[in-house]
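The data block below is model17.csv; it holds CSV, C-alpha atoms.
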```csv
chain,number,residue,atom,x,y,z
A,1,MET,CA,55.2,146.0,99.3
A,2,ASN,CA,57.6,146.5,96.4
A,3,ARG,CA,58.8,142.9,96.6
A,4,LEU,CA,55.2,141.6,96.5
A,5,LYS,CA,54.4,143.7,93.5
A,6,LYS,CA,57.5,142.5,91.7
A,7,ALA,CA,56.7,138.8,92.5
A,8,ALA,CA,53.0,139.0,91.6
A,9,PRO,CA,53.5,138.1,87.9
A,10,TRP,CA,55.2,134.9,88.9
A,11,TRP,CA,52.5,133.4,91.2
A,12,LEU,CA,50.3,132.0,88.5
A,13,PRO,CA,53.1,130.5,86.4
A,14,ALA,CA,54.5,128.9,89.6
A,15,ILE,CA,51.2,127.4,90.6
A,16,LEU,CA,50.4,126.0,87.1
A,17,THR,CA,54.0,124.6,86.8
A,18,THR,CA,53.7,122.9,90.2
A,19,ILE,CA,50.3,121.3,89.2
A,20,ALA,CA,51.8,120.3,85.8
A,21,VAL,CA,54.8,118.7,87.4
A,22,VAL,CA,52.8,116.7,90.0
A,23,TRP,CA,50.3,115.6,87.4
A,24,THR,CA,53.1,114.6,85.0
A,25,VAL,CA,54.8,112.5,87.7
A,26,VAL,CA,51.5,110.7,88.4
A,27,ALA,CA,50.7,110.2,84.7
A,28,ILE,CA,54.1,108.9,83.6
A,29,GLY,CA,54.6,106.8,86.7
A,30,GLY,CA,51.1,105.3,86.2
A,31,ILE,CA,51.7,104.5,82.6
A,32,LEU,CA,55.1,102.9,83.3
A,33,THR,CA,53.9,100.7,86.2
A,34,ALA,CA,52.3,98.4,83.6
A,35,GLN,CA,55.7,97.4,82.4
A,36,ALA,CA,58.1,98.1,85.3
A,37,HIS,CA,58.3,98.1,89.1
A,38,PRO,CA,56.4,101.2,90.6
A,39,ALA,CA,59.6,102.5,92.3
A,40,PHE,CA,61.4,102.5,89.0
A,41,ALA,CA,58.5,103.9,87.1
A,42,TYR,CA,58.0,106.9,89.4
A,43,SER,CA,61.7,107.5,89.6
A,44,VAL,CA,61.8,107.9,85.8
A,45,ALA,CA,58.9,110.3,86.0
A,46,VAL,CA,60.6,112.4,88.7
A,47,LEU,CA,63.8,112.5,86.6
A,48,TYR,CA,61.8,113.6,83.5
A,49,ASP,CA,60.2,116.5,85.4
A,50,ALA,CA,63.5,117.4,86.9
A,51,VAL,CA,65.0,117.9,83.5
A,52,TRP,CA,62.0,119.8,82.4
A,53,LEU,CA,62.1,122.2,85.4
A,54,TYR,CA,65.9,122.7,85.0
A,55,GLY,CA,65.3,123.8,81.4
A,56,LEU,CA,62.6,126.2,82.4
A,57,ALA,CA,64.8,127.6,85.2
A,58,GLN,CA,67.7,128.1,82.8
A,59,GLU,CA,65.5,129.7,80.2
A,60,THR,CA,64.1,132.1,82.8
A,61,ALA,CA,67.6,133.1,84.0
A,62,HIS,CA,69.0,133.7,80.5
A,63,ARG,CA,66.0,135.7,79.3
A,64,ARG,CA,65.9,137.8,82.4
A,65,GLN,CA,69.5,139.0,81.8
A,66,GLY,CA,69.0,139.4,78.1
A,67,SER,CA,71.5,136.6,77.1
A,68,ASP,CA,71.0,133.8,74.6
A,69,ALA,CA,69.0,130.8,75.8
A,70,THR,CA,68.9,128.6,72.7
A,71,LEU,CA,69.4,125.2,74.4
A,72,PRO,CA,67.0,125.8,77.3
A,73,LYS,CA,64.4,127.1,74.9
A,74,VAL,CA,64.8,123.9,72.8
A,75,ILE,CA,64.5,121.7,75.9
A,76,GLY,CA,61.4,123.6,77.0
A,77,TRP,CA,59.6,123.3,73.6
A,78,VAL,CA,60.6,119.7,73.2
A,79,PHE,CA,59.4,118.6,76.6
A,80,LEU,CA,56.1,120.6,76.3
A,81,PRO,CA,54.5,118.3,73.6
A,82,LEU,CA,55.9,115.2,75.3
A,83,THR,CA,54.3,116.3,78.6
A,84,VAL,CA,51.0,117.1,76.9
A,85,GLY,CA,51.0,113.7,75.2
A,86,ALA,CA,51.8,111.9,78.4
A,87,LEU,CA,48.9,113.6,80.3
A,88,ALA,CA,46.4,113.1,77.5
A,89,ALA,CA,47.4,109.4,77.2
A,90,HIS,CA,47.0,108.9,80.9
A,91,GLY,CA,43.5,110.4,80.9
A,92,LEU,CA,42.4,108.3,77.9
A,93,LEU,CA,43.8,105.1,79.4
A,94,ALA,CA,41.8,105.9,82.5
A,95,GLY,CA,38.7,106.3,80.4
A,96,ASP,CA,38.2,110.0,81.4
A,97,VAL,CA,38.2,112.3,78.3
A,98,LEU,CA,37.8,115.4,80.5
A,99,ALA,CA,40.8,114.5,82.6
A,100,ALA,CA,42.8,114.0,79.4
A,101,VAL,CA,41.9,117.4,78.0
A,102,VAL,CA,42.4,119.3,81.3
A,103,GLY,CA,45.7,117.5,82.0
A,104,ALA,CA,47.0,118.3,78.5
A,105,LEU,CA,46.1,122.0,78.9
A,106,ILE,CA,47.8,122.5,82.3
A,107,PRO,CA,51.5,122.4,81.0
A,108,VAL,CA,50.5,124.6,78.0
A,109,LEU,CA,49.0,127.2,80.3
A,110,ALA,CA,52.1,127.0,82.6
A,111,LYS,CA,54.4,127.5,79.6
A,112,MET,CA,52.4,130.5,78.3
A,113,THR,CA,52.2,132.3,81.6
A,114,LEU,CA,55.9,131.6,82.3
A,115,VAL,CA,56.9,133.2,79.0
A,116,MET,CA,54.7,136.2,79.7
A,117,ALA,CA,56.2,136.7,83.1
A,118,ILE,CA,59.7,136.4,81.7
A,119,ASP,CA,59.1,138.9,79.0
A,120,ARG,CA,57.7,141.4,81.5
A,121,ASP,CA,60.5,141.0,84.0
A,122,ARG,CA,63.5,140.6,81.8
A,123,THR,CA,66.1,143.4,81.5
A,124,ARG,CA,65.7,145.2,78.3
A,125,ILE,CA,69.1,146.5,76.9
A,126,SER,CA,70.3,147.7,73.6
A,127,ALA,CA,72.2,145.6,71.1
A,128,ARG,CA,75.3,147.7,71.6
A,129,ALA,CA,75.1,147.1,75.4
A,130,GLN,CA,74.6,143.4,74.9
A,131,ALA,CA,77.6,143.3,72.6
A,132,ALA,CA,79.7,145.0,75.2
A,133,ILE,CA,78.5,142.5,77.8
A,134,ASP,CA,79.4,139.6,75.4
A,135,ARG,CA,82.9,141.1,74.8
A,136,THR,CA,83.5,141.3,78.6
A,137,ARG,CA,82.4,137.8,79.1
A,138,ALA,CA,84.6,136.5,76.3
A,139,THR,CA,87.6,138.4,77.6
A,140,THR,CA,87.0,137.0,81.1
A,141,ARG,CA,86.8,133.5,79.7
A,142,ASP,CA,90.0,133.9,77.8
A,143,ARG,CA,91.8,135.2,80.9
A,144,ILE,CA,90.6,132.2,82.8
A,145,ALA,CA,91.7,129.8,80.1
A,146,VAL,CA,95.1,131.4,79.9
A,147,SER,CA,95.5,131.2,83.7
A,148,ARG,CA,94.6,127.6,83.7
A,149,ALA,CA,97.0,126.8,80.8
A,150,VAL,CA,99.9,128.6,82.6
A,151,ALA,CA,99.1,126.7,85.9
A,152,SER,CA,98.9,123.4,84.0
A,153,ALA,CA,102.3,124.1,82.3
A,154,ARG,CA,104.0,125.0,85.6
A,155,ALA,CA,102.6,121.8,87.1
A,156,ASP,CA,103.9,119.7,84.2
A,157,GLU,CA,107.3,121.4,84.5
A,158,THR,CA,107.5,120.7,88.2
A,159,LYS,CA,106.4,117.1,87.6
A,160,ALA,CA,109.0,116.6,84.8
A,161,ALA,CA,111.8,118.0,87.0
A,162,ALA,CA,110.7,115.7,89.9
A,163,ASP,CA,110.8,112.7,87.5
A,164,ILE,CA,114.3,113.6,86.2
A,165,LEU,CA,115.5,114.0,89.8
A,166,LYS,CA,113.9,110.7,90.7
A,167,GLN,CA,115.5,108.9,87.7
A,168,GLY,CA,118.9,110.3,88.6
A,169,ARG,CA,118.7,109.1,92.2
A,170,GLU,CA,117.5,105.7,91.0
A,171,ALA,CA,120.4,105.5,88.6
A,172,GLU,CA,122.9,106.4,91.3
A,173,ALA,CA,121.4,103.8,93.7
A,174,GLU,CA,121.5,101.2,91.0
A,175,ALA,CA,125.1,102.0,90.2
A,176,THR,CA,126.1,101.7,93.8
A,177,MET,CA,124.3,98.4,94.2
A,178,THR,CA,126.0,97.1,91.0
A,179,THR,CA,129.4,98.1,92.3
A,180,HIS,CA,128.7,96.5,95.7
A,181,ASP,CA,127.5,93.2,94.0
A,182,ALA,CA,130.6,93.2,91.9
A,183,TYR,CA,132.9,93.5,94.9
A,184,GLU,CA,130.9,90.8,96.7
A,185,LYS,CA,131.2,88.4,93.8
A,186,TYR,CA,134.9,89.2,93.5
A,187,ALA,CA,135.5,88.5,97.1
A,188,ASN,CA,133.6,85.3,96.9
A,189,VAL,CA,135.7,84.1,93.9
A,190,ILE,CA,138.9,85.0,95.7
A,191,ASP,CA,137.7,83.1,98.8
A,192,ARG,CA,136.7,80.0,96.9
A,193,HIS,CA,139.7,79.9,94.5
A,194,PRO,CA,142.9,80.9,96.3
A,195,LEU,CA,146.2,80.7,94.5
A,196,PRO,CA,148.4,77.6,94.8
A,197,ASP,CA,151.0,77.7,97.6
A,198,ALA,CA,153.8,77.4,95.0
A,199,VAL,CA,152.6,80.5,93.2
A,200,ALA,CA,153.3,84.0,94.5
A,201,GLU,CA,150.2,86.0,95.5
A,202,LEU,CA,148.8,88.2,92.8
A,203,PRO,CA,147.4,91.7,93.4
A,204,GLY,CA,143.7,91.8,94.5
A,205,LEU,CA,142.4,93.3,91.2
A,206,ILE,CA,143.4,92.5,87.6
A,207,SER,CA,143.7,95.4,85.2
A,208,ASP,CA,142.1,95.5,81.8
A,209,SER,CA,145.4,95.1,80.1
A,210,ASP,CA,146.1,91.9,82.1
A,211,LEU,CA,142.7,90.5,81.3
A,212,ASP,CA,143.2,91.3,77.7
A,213,ALA,CA,146.6,89.6,77.6
A,214,LEU,CA,145.1,86.5,79.3
A,215,LEU,CA,142.1,86.2,77.0
A,216,SER,CA,144.3,86.7,73.9
A,217,GLY,CA,146.6,83.8,74.8
A,218,GLY,CA,149.4,85.8,76.4
A,219,VAL,CA,150.3,86.5,79.9
A,220,PRO,CA,150.0,89.7,82.0
A,221,ASP,CA,152.8,92.3,82.0
A,222,GLY,CA,154.0,91.2,85.5
A,223,ILE,CA,154.6,87.6,84.4
A,224,PRO,CA,157.4,86.6,82.1
A,225,ALA,CA,156.5,85.4,78.6
A,226,LEU,CA,156.8,81.7,77.8
A,227,GLY,CA,158.9,79.9,75.2
A,228,THR,CA,161.5,82.8,74.7
A,229,GLY,CA,164.5,81.0,76.1
A,230,GLY,CA,166.5,81.4,79.3
A,231,PHE,CA,169.3,83.8,78.6
A,232,ASP,CA,170.3,87.0,80.4
A,233,GLN,CA,171.8,90.1,78.9
A,234,SER,CA,175.3,88.5,78.8
A,235,GLY,CA,174.1,85.5,76.8
A,236,THR,CA,174.3,83.0,79.6
A,237,PRO,CA,171.4,80.8,80.7
A,238,GLY,CA,169.6,81.7,83.9
A,239,GLY,CA,168.7,85.4,83.6
A,240,THR,CA,169.0,87.9,86.4
A,241,GLY,CA,165.6,89.6,86.1
A,242,SER,CA,166.8,92.5,84.1
A,243,GLY,CA,166.9,90.7,80.8
A,244,THR,CA,165.2,87.7,79.3
A,245,PRO,CA,163.5,85.5,82.0
A,246,SER,CA,165.0,82.3,83.1
A,247,LEU,CA,163.5,78.8,82.6
A,248,ASP,CA,162.3,78.7,86.2
A,249,GLU,CA,160.5,82.0,85.8
A,250,ALA,CA,158.8,80.8,82.6
A,251,LYS,CA,157.8,77.6,84.3
A,252,ALA,CA,156.3,79.5,87.2
A,253,ALA,CA,154.4,81.8,84.9
A,254,ASN,CA,153.1,78.8,83.0
A,255,GLU,CA,151.9,77.1,86.2
A,256,LYS,CA,150.2,80.4,87.4
A,257,ALA,CA,148.4,80.8,84.0
A,258,VAL,CA,147.2,77.2,84.0
A,259,ALA,CA,145.9,77.6,87.6
A,260,LEU,CA,144.1,80.8,86.8
A,261,LEU,CA,142.6,79.1,83.7
A,262,ALA,CA,141.4,76.1,85.7
A,263,ALA,CA,139.7,78.4,88.3
A,264,GLN,CA,138.1,80.3,85.4
A,265,LEU,CA,136.7,77.2,83.7
A,266,TYR,CA,135.5,75.5,86.9
A,267,ALA,CA,133.7,78.6,88.1
A,268,SER,CA,130.4,77.9,86.3
A,269,ASP,CA,127.0,77.0,87.6
A,270,PRO,CA,126.8,74.1,87.7
A,271,PRO,CA,130.5,73.1,87.6
A,272,PRO,CA,131.6,71.0,84.6
A,273,SER,CA,132.2,67.3,84.8
A,274,LYS,CA,135.7,66.0,84.8
A,275,ARG,CA,135.5,64.9,81.2
A,276,LYS,CA,134.3,68.3,80.0
A,277,PHE,CA,136.8,70.1,82.2
A,278,ARG,CA,139.7,68.1,80.7
A,279,THR,CA,138.5,68.8,77.2
A,280,ALA,CA,138.0,72.5,77.8
A,281,MET,CA,141.4,72.9,79.6
A,282,ARG,CA,143.3,71.2,76.8
A,283,ALA,CA,141.6,73.3,74.2
A,284,GLU,CA,142.3,76.6,76.1
A,285,MET,CA,145.8,75.6,76.9
A,286,ASN,CA,146.6,74.9,73.3
A,287,ALA,CA,145.0,78.2,72.3
A,288,ARG,CA,147.2,80.1,74.8
A,289,LYS,CA,150.3,78.0,74.2
A,290,LEU,CA,150.4,76.7,77.8
A,291,THR,CA,151.8,73.4,78.8
A,292,GLY,CA,150.7,70.8,81.3
A,293,SER,CA,150.1,67.1,81.6
A,294,TRP,CA,146.8,65.3,82.1
A,295,ASP,CA,147.8,64.5,85.7
A,296,THR,CA,148.2,68.3,86.3
A,297,ILE,CA,144.8,69.0,84.8
A,298,ASP,CA,143.2,66.2,86.9
A,299,ALA,CA,144.9,67.6,90.0
A,300,LEU,CA,143.6,71.1,89.3
A,301,TYR,CA,140.1,69.7,88.8
A,302,ASP,CA,140.2,67.9,92.2
A,303,ARG,CA,141.6,71.0,93.9
A,304,GLU,CA,138.8,73.2,92.5
A,305,LYS,CA,136.2,70.6,93.5
A,306,THR,CA,137.6,70.5,97.0
A,307,LEU,CA,137.7,74.3,97.3
A,308,SER,CA,134.1,74.6,96.1
A,309,ALA,CA,132.8,72.1,98.7
A,310,PRO,CA,131.1,73.6,101.8
A,311,ARG,CA,133.5,74.3,104.6
A,312,ASP,CA,132.9,73.7,108.3
A,313,GLY,CA,131.4,76.9,109.8
A,314,GLY,CA,130.9,78.4,106.3
A,315,GLU,CA,127.8,79.1,104.3
```

Taking this structure as input, can you express it in the form of structure tokens?
Amino acid sequence: MNRLKKAAPWWLPAILTTIAVVWTVVAIGGILTAQAHPAFAYSVAVLYDAVWLYGLAQETAHRRQGSDATLPKVIGWVFLPLTVGALAAHGLLAGDVLAAVVGALIPVLAKMTLVMAIDRDRTRISARAQAAIDRTRATTRDRIAVSRAVASARADETKAAADILKQGREAEAEATMTTHDAYEKYANVIDRHPLPDAVAELPGLISDSDLDALLSGGVPDGIPALGTGGFDQSGTPGGTGSGTPSLDEAKAANEKAVALLAAQLYASDPPPSKRKFRTAMRAEMNARKLTGSWDTIDALYDREKTLSAPRDGGE
């Protein structure tokens, strides 16, 4: 009984609002069918009334709890004259003045009775109580905002740490692959360009100092220098290995350096022609003060060309 008594003021606004909504859908849809497909026209009318009803519902909810309802109020009062005009225009286009007048009055009556029901049913509180409610809502919103900010910062920190770890792992993998590729290329060069039989086998890897000496025109530390003479510590030719190198040792060092230079100049993609190879070899030999005849250079070119040719059973 108490519920019926409490709901009684809302029956008339509900009935009038329902009639106004249905009539508005029919009116707006009927007007728009002259310019668009009926399905589209009535869909627009339904969406229009849906926005109007949503504004009325929000205004009712806000005013019942005593909070501000500025935007819903604006929507309600803007849609009211638009609805009145649409219903009046629909009646006039149909040639029925009475239908135009009654149709225009229905949304006005619905709005008036709804405002009266809201005013009667809303909770009346003092300004002090309303201020306390507003402060509580503001504090709650601030706490929610801070919690969201903290959660977002933690998520960003976790993501940044994961990115750093991923980049570190990728760098380690890339370094490992680079090292592996370097060893593969080194092994391929050693396989394709072995040392001549007359030259003693060199260590597998060449140090930075050895490479520096070769590129600067000298020879590595393990190879005797050229052009220094063949005298030992006693001043006699021939050297014993503890003093100045002998002529044979200097000649062997020269042949080894020339062979290494030939392998270096030929190891290009594509290999040089014989004419270009001879020119480059002579220039580099002069720059490094190495000696060798044209026949030696041609023999080295033929040897490198033979070594680089595909072997039986090879790749």

If you count all atoms listed in the file, which residues fall within 8 Å of A:Val258, apart from same-chain ones fewer than 3 positions away, as an mmCIF file with C-alpha atoms, in the frame of the given file?
```
data_model
loop_
_atom_site.group_PDB
_atom_site.id
_atom_site.type_symbol
_atom_site.label_atom_id
_atom_site.label_comp_id
_atom_site.auth_asym_id
_atom_site.auth_seq_id
_atom_site.Cartn_x
_atom_site.Cartn_y
_atom_site.Cartn_z
ATOM 1 C CA ASN A 254 153.100 78.800 83.000
ATOM 2 C CA GLU A 255 151.900 77.100 86.200
ATOM 3 C CA LEU A 261 142.600 79.100 83.700
ATOM 4 C CA ALA A 262 141.400 76.100 85.700
ATOM 5 C CA MET A 285 145.800 75.600 76.900
ATOM 6 C CA LEU A 290 150.400 76.700 77.800
ATOM 7 C CA THR A 291 151.800 73.400 78.800
ATOM 8 C CA GLY A 292 150.700 70.800 81.300
#
```

>> What does the structure give for the distance between atom CA of A:Trp23 and atom CA of A:Val115, in Å to one decimal?
In response: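 Taking atom CA of A:Trp23 as the start and atom CA of A:Val115 as the end point, the length is 20.6 Å.
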
> If we count all atoms listed in the file, what is near A:Ser268 at a cut-off of 12 Å, once residues fewer than 6 positions away on the same chain are taken out, given as a PyMOL selection string?
Replying inline: chain A and resi 189+262+277+304-305+308

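Each of A:Ala39, A:Ala14, A:Leu32, A:Ala20 was checked against A:Val108 using all atoms listed in the file; the smallest atom-to-atom distance is that of A:Ala20.
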
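Considering only C-alpha atoms, the residue among A:Ala299, A:Met116, A:His62, A:Ala263 positioned nearest to A:Asp191 is A:Ala263.
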
>> Need to verify the contact set: A:Leu114, 9 Å, all atoms listed in the file, exclusion of same-chain residues closer than 5 positions in sequence. Can you return it as a list in words?
In response: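 My reading of the contact set: Pro9, Trp10, Leu12, Pro13, Ala14, Thr17, Leu56, Thr60, Leu109 and Asp119 of chain A.
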
>> Just to confirm, what's the straight-line distance from atom CA of A:Lys289 to atom CA of A:Tyr186 in Å (one decimal)?
In response: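 Computing it gives 27.1 Å between the two atoms.
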
>> I'd like the neighbourhood of A:Tyr48 as a PyMOL selection string, where a residue qualifies if any of its atoms comes within 9 Å (using all atoms listed in the file), though same-chain residues fewer than 6 positions away should be ignored.
In response: chain A and resi 24-25+79

Reconstruct stretch 246-263 of chain A at the level of N, CA and C atoms, and format the result as a tab-separated table (two decimals), in the frame of the given file.
```tsv
chain	number	residue	atom	x	y	z
A	246	SER	N	164.42	83.59	83.07
A	246	SER	CA	165.00	82.30	83.10
A	246	SER	C	163.97	81.19	82.92
A	247	LEU	N	164.42	79.94	82.82
A	247	LEU	CA	163.50	78.80	82.60
A	247	LEU	C	162.60	78.61	83.80
A	248	ASP	N	163.11	78.81	85.01
A	248	ASP	CA	162.30	78.70	86.20
A	248	ASP	C	161.17	79.72	86.25
A	249	GLU	N	161.52	80.92	85.85
A	249	GLU	CA	160.50	82.00	85.80
A	249	GLU	C	159.41	81.68	84.81
A	250	ALA	N	159.82	81.19	83.63
A	250	ALA	CA	158.80	80.80	82.60
A	250	ALA	C	157.95	79.69	83.06
A	251	LYS	N	158.55	78.72	83.77
A	251	LYS	CA	157.80	77.60	84.30
A	251	LYS	C	156.76	78.05	85.33
A	252	ALA	N	157.21	78.97	86.21
A	252	ALA	CA	156.30	79.50	87.20
A	252	ALA	C	155.15	80.27	86.59
A	253	ALA	N	155.46	81.05	85.56
A	253	ALA	CA	154.40	81.80	84.90
A	253	ALA	C	153.41	80.86	84.20
A	254	ASN	N	153.92	79.75	83.61
A	254	ASN	CA	153.10	78.80	83.00
A	254	ASN	C	152.13	78.13	84.01
A	255	GLU	N	152.68	77.75	85.17
A	255	GLU	CA	151.90	77.10	86.20
A	255	GLU	C	150.80	78.11	86.73
A	256	LYS	N	151.18	79.37	86.88
A	256	LYS	CA	150.20	80.40	87.40
A	256	LYS	C	149.08	80.58	86.36
A	257	ALA	N	149.43	80.66	85.07
A	257	ALA	CA	148.40	80.80	84.00
A	257	ALA	C	147.48	79.64	83.97
A	258	VAL	N	148.05	78.42	84.09
A	258	VAL	CA	147.20	77.20	84.00
A	258	VAL	C	146.28	77.17	85.25
A	259	ALA	N	146.77	77.56	86.45
A	259	ALA	CA	145.90	77.60	87.60
A	259	ALA	C	144.78	78.57	87.51
A	260	LEU	N	145.11	79.76	86.99
A	260	LEU	CA	144.10	80.80	86.80
A	260	LEU	C	143.04	80.27	85.75
A	261	LEU	N	143.51	79.62	84.68
A	261	LEU	CA	142.60	79.10	83.70
A	261	LEU	C	141.69	78.03	84.25
A	262	ALA	N	142.25	77.16	85.11
A	262	ALA	CA	141.40	76.10	85.70
A	262	ALA	C	140.36	76.72	86.62
A	263	ALA	N	140.72	77.75	87.40
A	263	ALA	CA	139.70	78.40	88.30
A	263	ALA	C	138.63	79.05	87.44
```
